[in-house]
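Enquirer: Following this message is one structure expressed as C-alpha cells.
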Amino acid sequence: MAMPGLETVPARTPQAEHLYAKVRHAIPAVEWPVHAQDIDAIMTLKRTRNAVVLAHNYQTPEIFHCVSDFVGDSLALAREAMTADADVIVLAGVHFMAETAKLLNPEKTVLIPDLGAGCSLAESIRPEDVRLLRQTYPGIPIVTYVNTSAAVKALSDICCTSGNAKAVIESLGVERVIMLPDEFLARNVAAETNVKVIAWSGHCEVHERFSAGEVRQLREDYPGVIVLAHPECPPEVVAEADFSGSTAAMSSYVNKNRPARVVLLTECSMSDNVAIHYPDLEFIRPCNLCPHMKKISLRNIRRALETMQHEVHIDPAIAVPARRAVERMLDVR
C-alpha cells in the first residue's frame, strides 16, 4: 500500500516502455519509472492537443530522446518551427527560442514550460543599448545573435546563430558590422573573415567559464583526446581546440570522424545526447550546466500541455521587424 500523499508510480507504461533501451546509458534504471509516467502522459497530450515538442541540444536525454519531435541547435529549431504541422508548439529550451518560434508561427500557440528559463546573453543587451549603438555607429549594419529578446531583434538588421554567423556577416557585403551580444562569438567569427566586427560585451555563463589551461590539462590527462569547442568560448579556448563549431557542427564532427576519445566544451547535456548515438566512443565531460535550460523538465512540459501555459505573446509592433530580421537570417544559405 502506498504511503498517504504518495502516488504509486508504475514501473512500466505502454507508450514509454520501448524508449528506455535508447537512453539506458544516460539514465539510471531506478529513475526511469518516474520519467516513464510523464513521458506516457506527454505522448497522449501531444495527440490530444495536436502539439509538437521542439528541444534544444542542451535538454536532458529524457526530453531530447523521448518526447521531442524535433531537436537541434537554434538554427535547426528556427527552421523546424516554420514547418511544424501542429496547432501547438512546446519549446523545450529558453525563452528567446520560444519567442523565435512564435515570430515564425504567429498563428500557432507557442508554450514555454517555465517562464524562468532565460539566458545570460539575452539579458546582457537591451533595446536602449541597440539604439545607442545606432547613434554611435551610424550606417553600420547590426547583426544580432538569436540569443536575444524579440525587442532587440526588432531593432536589428539581421539575426544569426553560431552556426551561420560568418555566412550572415559576409552576405551583407559591407566592410564593418556590429555583432550582438556575445563578445567571444564576435571575436571568433572576426578571426575567420575580412569583415571588421564591432563586438558587444555579453557572455554566455556556460561557455565563458572554459579556459585554455583546462584544455591543456585535458590533453595531459587524456592522451589523444579530440577537443571540440563552441564558438561562444573565449578565443584562447577555441585556439587550443581541434575544432570549433555550433552544437550541430560538433555533432556532425563526431559522426563523421568518430574520434575514439572526445570532449565537447559546451553545456553538459550536449555530451549526454550525442554519446547515446555512439556508445563505442569515450566522451570526457568537463562540462558546465546551464541553469536556465535545466528549468525545463518532463514534469513542466506535461503541465504546459495539460494547462496550455505559459503561452508566448509578442507585441505586433515588435513582432513585425523582429520576424523580418529572423527571416533574413533564414534566407542565408
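Residue numbers start at 1 in each chain; chains themselves are named A, B, ... in the order of the C-alpha cells; ligands are numbered from 1 in the order shown.
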Tell me which protein, DNA and RNA residues are within 7 Å of region 283-286 of chain A, counting only C-alpha atoms, leaving out same-chain ones fewer than 6 positions away, and put them as a PyMOL selection string.
Expert: chain A and resi 261-263+271+275
Enquirer: If you run DSSP on the backbone, which residues of region 182-244 of chain A are helix (DSSP H, G or I), as number ranges by chain?
Expert: A: 183-190, 207-209, 212-221, 235-240
Enquirer: Report as a list in words all protein, DNA and RNA residues lying within 10 Å of Asn164 (chain A), evaluated on only C-alpha atoms, omitting residues in the same chain fewer than 3 positions from it.
Expert: Leu75, Tyr145, Cys159, Cys160, Thr161, Ala167, Val168, Ile169, Val189, Gly245, Ser246, Met329, Leu330, Val332 and Arg333 of chain A
Enquirer: Just write the chosen residues, N, CA, C and O atoms, as a compact mmCIF listing (two decimals), in the first residue's frame.
Expert:
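Saved as out-v2.txt:
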```txt
# COMPACT_ATOMS: atom_id res chain seq x y z
N LEU A 75 19.43 27.30 -34.92
CA LEU A 75 19.08 27.44 -36.33
C LEU A 75 18.15 26.32 -36.77
O LEU A 75 17.13 26.57 -37.45
N TYR A 145 22.71 38.01 -32.68
CA TYR A 145 22.61 36.59 -32.36
C TYR A 145 21.19 36.28 -31.92
O TYR A 145 20.53 37.10 -31.27
N CYS A 159 19.51 38.62 -38.07
CA CYS A 159 19.92 37.74 -36.97
C CYS A 159 20.93 36.71 -37.49
O CYS A 159 21.14 36.55 -38.69
N CYS A 160 21.54 36.00 -36.57
CA CYS A 160 22.43 34.90 -36.91
C CYS A 160 22.42 33.90 -35.78
O CYS A 160 21.91 34.17 -34.69
N THR A 161 22.97 32.73 -36.04
CA THR A 161 23.22 31.75 -34.99
C THR A 161 24.73 31.48 -34.97
O THR A 161 25.46 31.97 -35.84
N ALA A 167 28.59 33.33 -42.39
CA ALA A 167 27.87 33.46 -43.66
C ALA A 167 26.95 34.66 -43.65
O ALA A 167 26.83 35.38 -44.66
N VAL A 168 26.29 34.91 -42.52
CA VAL A 168 25.39 36.06 -42.41
C VAL A 168 26.17 37.36 -42.57
O VAL A 168 25.77 38.26 -43.33
N ILE A 169 27.27 37.48 -41.85
CA ILE A 169 28.07 38.70 -41.90
C ILE A 169 28.57 38.96 -43.32
O ILE A 169 28.48 40.08 -43.84
N VAL A 189 34.38 34.83 -34.81
CA VAL A 189 33.96 34.99 -36.20
C VAL A 189 34.87 35.98 -36.91
O VAL A 189 35.26 35.78 -38.07
N GLY A 245 32.73 24.87 -33.45
CA GLY A 245 31.51 24.98 -34.23
C GLY A 245 30.29 24.95 -33.35
O GLY A 245 30.37 24.70 -32.14
N SER A 246 29.14 25.18 -33.95
CA SER A 246 27.87 25.14 -33.25
C SER A 246 27.62 23.74 -32.70
O SER A 246 28.35 22.79 -33.03
N MET A 329 17.83 36.08 -41.85
CA MET A 329 18.82 35.08 -41.47
C MET A 329 18.55 33.74 -42.16
O MET A 329 19.46 33.09 -42.69
N LEU A 330 17.30 33.32 -42.15
CA LEU A 330 16.94 32.03 -42.72
C LEU A 330 17.13 31.98 -44.23
O LEU A 330 17.26 30.89 -44.81
N VAL A 332 19.74 33.14 -45.69
CA VAL A 332 21.18 32.99 -45.96
C VAL A 332 21.52 31.51 -45.95
O VAL A 332 21.23 30.79 -45.00
N ARG A 333 22.14 31.06 -47.00
CA ARG A 333 22.50 29.64 -47.10
C ARG A 333 24.01 29.45 -47.10
O ARG A 333 24.73 30.34 -47.54
```
Enquirer: Determine the nearest neighbour of Ala239 (chain A) from the options A:Ser211, A:Ser74, A:Thr193, A:Asn300, counting only C-alpha atoms.
Expert: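 When distances to Ala239 (chain A) are compared using only C-alpha atoms, the smallest one comes from A:Ser211.
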Enquirer: Write out as a list of chain:residue names the residues lying within 6 Å of Val90 (chain A), counting only C-alpha atoms and excluding same-chain residues fewer than 4 positions away.
Expert: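 Answer for this query is A:Val53, A:Val110, A:Leu111.
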